[in-house]
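Enquirer: Input: one structure, supplied below.
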Amino acid sequence: MFSKLFGKYRFLVISIALFIIFDLGVLILNFYTSGKIAEQTELINLAARQSTLSQQMSKATLYIKSQKLQQWVYQSGLEELRSHYTLFGETLNALTHGGQATSTETGAKIQVDAVTTERGRALLNQANLLWSGFDTAIKPLMKDTLITDEEIQPASEFIARNNLVLFDLMTQLTDHFSHEAEAQTTLLRRAQVAGISLATINFFVILFHFLNQLRTRDRRLELKQHESDQLLASIDDGVCLVDANLRIGLQHSGRLEEIFGTNQIAGRKFAAFLNRYVTESTARSAHDFISLYFKQHVSPDLIGDLNPLKEVKAFVETPNGKHEEKYLNFSFAPLVQEDGETVLLVTVQDITDRVKLRSTQEASETKMHTQLALFSQILPINPDELRLFIEQGMSSLTKMNQVLKSKRGQAQSIAHSLAQIMPLAHRVKGDARSIGLTTLGEQVHAFEEDIAELLERAKSESVSGRDVLPLTVALKQIIENIELLKSLCERLQQYGIRYDQATSKQDLDVPVVGTVMPPAINQRWHGLQTMVSDIAQEQGVTAQLEVRGFEHPLPRDLEQSLYSMAVQLVRNSLAHGIESVDGRRAHCKPRIGRIQVLLSDDGQGNYRFVVEDDGRGFDYAAIERAIKGQHAESVADRTLSKAELLKFVFTEPFSTKAHVDTTAGRGVGLPLVWDLAKQIGAKVQVRSVAKEFTQFIFLFSSSSQIDDSPLNAKVA
Amino acid sequence: MKDLQHITTFLDGVSRYFAHVSKDRKSLELGTPYLVRNHEQLGLDLTGAIAISGKTKGFVFFSSSRALLKYLLLSLGESEFSDQYMSDIVGEVANTISGNVRKTLGPEFHISTPKVISGHLDNDSLKPERLSYVLPLKWRGNTAQLIVSLDSIDARE
């Protein structure tokens, strides 16, 4: 039980108890001996007074005798004798048998113990024997105030005779008491020396014991510290503890200093420390998150997924003052300490290499996939077709940028700018798909979707430059992708594959000039068959394209406009004209739909460009319904003529298709054709018979100028 | 779409500055953003240029007409319109952009101290064939531009 009570402090408790015992022993002995010495001192005084009394009794007797002889008054001498006699007898009796005596200092009665020492007893016995003689001689003098010569004479003689003996005995008794007192003092001194020596020894024992223990403990602590330091230094991860006040503990692994490039970590607030390396919001989230670990009702298992410091990006200042980007992974584990307090073990892993490797791989893979996709798409494309597309595409994109640049800010003009950009984007999309560049086609399609959405918004609210910003960013990406195509062509050429050297990056304000020569022109136009097959498959129809008249050189601008017009019209034929196989059979038509693109000239520079199909023809009733559905306010309830319907078809963005897909539905194809026709100065004729055919005829000459006159489509 | 995020941050910095000066959040109007090749002529009368290094490299320019800077100085209680004052104010706007970038995007962007350029920009430090964004700005009828030329990691070489 003792060991249980005091445990490892037993030695300390025993040592302190001994120290107290020694000190108390000395104190008690001191107290006892002091009492004895005081008693002894009183005895010395009493014995010394006895000596004096014996002399004074002799003197008083002689005085009485002398006075009496001269017949003088002796009463004072008698009273003195009587007082001395009584005091001496009382004191001698107290010393011999114990009892009360009159104090020499105060005159009060004090209790005196009988002397017990052998020497003292012997001296007292002798003194008592002698005193009995004194008693006999002096007693007669005590009875009356008048004494006779017969009474004084024998007393005087006896006292004279024995006085010196009694004085000597009392002196010896005084010396004896003095010796006794001296012995007591010596005993006390020795006891004090012994006790204090023991206490001092005990004190030094305690001191040395504890110094030894402290040294041992310090060594152990140093060893532990050393081991702990070695352990922390050898850990590959950054490790530290965070207490309930969200402060970092005093110890942390060496790796933690390496990760954060500082040794000023211990004792700092975790979130404040983190704030130097991550964004404010992340540091704030981290603070909120680790606070959860110190809330009793929160289970650590449930909050692990909320950790905002997983794969977190941090910027650490290097010794040369630059910032190094690091990716860190923090994990947290609550630990309950011996005192019941919870601390959080924080482990920090530097996963920069892993993340960067992954990021590089991903970027590389994405880039590779994009390039591979483009590469695989351009390989089957005729080099001339691709070159012409790149030129045409860049030209359209440049125009889009010019539109953006020229319309600086007026809110009402932004919608107009977007409406101008839309057909240009549609043209790039159509041209891209016509030669099989589906990836690029999809990118432009998404761009077109964004424009359409913004146009829709512009109907109900004001749109700003900030709303257009995402379109500008997307436009840049499309331009960069077309430039990538150029770059791929150049690389292919380096491998000996014939791809005409793409022209250097085109200035955004400079138009493309030149002539498209055979066989490039012929190959490009016949390449449209691929587009027809792809779209026909998408639309669930069967169709064949016939192209004629592209065996001669054409001005590049003209050729590109005609090509884009053909692309849009052929796409229209497939989306709206050519029926399904069953539909064609029901109308007694050949199973395979026929689309023709024809160019002819009269040798005088007058051209006739025709795109026709044997599909279902214009459904004017459906067109009118669609127009009235989408533009009710402008056409009211009146019946529209075919010419008016055609005007709508060519100038307003509307479609008879209920849903938009990558082929049709946005209603910008024919406005684009009309726009291109204007650019080449063409007169447009449209001939169509329901359920039979549709024919678009464009008449123009090589000297035609841009025709900005209103649409004058001729309905045949 | 990182470009969009970065440009928006730069634009917010400029907008915040002008909103603070004029006590009107909508005082700065943004025109339709467009693209320019770096070898083309860039910039207006005075330009505060900030070089960006790190993961994203490039430049951000706040370029302004003198007229706008005069109005700006007037709004700040200045009555002197010397070149030095105008340069200081252009640098201050550029500094505000830097501050906003640091606050929003963290230290990912290592941003240089703004440098003030007079006249058209010196394009030597820009890749000539690359495209930059021009964001036309208008404040109290006066023009400025925010020109952003970035080579982000996902930009194609």
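As shown in the structure tokens, the chain order sets the letters A, B, ...; within each chain, residues go from 1, and ligands are also counted from 1 in the order they appear.
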Sorted by chain and rising residue number, list the residues of chain B at most 6 Å from chain A (counting only C-alpha atoms), each with its closest atom pair and distance in Å to one decimal, as JSON lines.
Expert:
{"residue": "B:Leu30", "atom": "CA", "partner": "A:Gly465", "partner_atom": "CA", "distance": 5.2}
{"residue": "B:Gly31", "atom": "CA", "partner": "A:Gly409", "partner_atom": "CA", "distance": 3.5}
{"residue": "B:Thr32", "atom": "CA", "partner": "A:Gly465", "partner_atom": "CA", "distance": 4.4}
{"residue": "B:Pro33", "atom": "CA", "partner": "A:Leu469", "partner_atom": "CA", "distance": 5.8}
{"residue": "B:Tyr34", "atom": "CA", "partner": "A:Lys405", "partner_atom": "CA", "distance": 5.5}
{"residue": "B:Gly106", "atom": "CA", "partner": "A:Thr279", "partner_atom": "CA", "distance": 5.2}
Enquirer: Applying 10 Å and only C-alpha atoms, which residues near Asp601 of chain A remain after dropping the ones on its own chain fewer than 5 positions away? List them as a PDB file with N, CA and C atoms, in the first residue's frame.
Expert:
ATOM      1  N   GLY A 549     -18.352  20.269-114.091  1.00  0.00           N
ATOM      2  CA  GLY A 549     -17.997  21.619-114.514  1.00  0.00           C
ATOM      3  C   GLY A 549     -16.848  22.248-113.761  1.00  0.00           C
ATOM      4  N   ASN A 606     -19.733  34.296-118.455  1.00  0.00           N
ATOM      5  CA  ASN A 606     -21.015  34.226-117.747  1.00  0.00           C
ATOM      6  C   ASN A 606     -21.218  32.810-117.210  1.00  0.00           C
ATOM      7  N   TYR A 607     -21.420  32.748-115.928  1.00  0.00           N
ATOM      8  CA  TYR A 607     -21.487  31.436-115.257  1.00  0.00           C
ATOM      9  C   TYR A 607     -22.919  31.118-114.853  1.00  0.00           C
ATOM     10  N   ARG A 608     -23.142  29.806-114.803  1.00  0.00           N
ATOM     11  CA  ARG A 608     -24.420  29.303-114.279  1.00  0.00           C
ATOM     12  C   ARG A 608     -24.069  28.184-113.292  1.00  0.00           C
ATOM     13  N   PHE A 609     -24.404  28.472-112.045  1.00  0.00           N
ATOM     14  CA  PHE A 609     -24.073  27.506-110.982  1.00  0.00           C
ATOM     15  C   PHE A 609     -25.384  26.948-110.437  1.00  0.00           C
ATOM     16  N   LEU A 699     -26.733  32.889-111.254  1.00  0.00           N
ATOM     17  CA  LEU A 699     -26.195  33.410-112.507  1.00  0.00           C
ATOM     18  C   LEU A 699     -25.268  34.571-112.192  1.00  0.00           C
ATOM     19  N   PHE A 700     -24.068  34.483-112.694  1.00  0.00           N
ATOM     20  CA  PHE A 700     -23.114  35.566-112.417  1.00  0.00           C
ATOM     21  C   PHE A 700     -22.045  35.564-113.501  1.00  0.00           C
ATOM     22  N   SER A 701     -21.282  36.642-113.515  1.00  0.00           N
ATOM     23  CA  SER A 701     -20.186  36.706-114.490  1.00  0.00           C
ATOM     24  C   SER A 701     -18.881  36.946-113.724  1.00  0.00           C
ATOM     25  N   SER A 702     -17.790  36.710-114.438  1.00  0.00           N
ATOM     26  CA  SER A 702     -16.484  36.867-113.762  1.00  0.00           C
ATOM     27  C   SER A 702     -16.246  38.325-113.381  1.00  0.00           C
TER      28      SER A 702
END
Enquirer: What's the 7 Å shell around segment 11-15 of chain B, counting only C-alpha atoms, without same-chain residues fewer than 4 positions away, as a list in words?
Expert: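 Listed by chain and then number, they are Ile7, Ala19, Leu28, Val93, Thr96, Ile97 and Asn100 of chain B.
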Enquirer: So that I can see what lies close to segment 77-91 of chain A, please list as a count of residues only the residues with an atom at most 10 Å from it, counting only C-alpha atoms and leaving out residues fewer than 2 positions away in the same chain.
Expert: 50
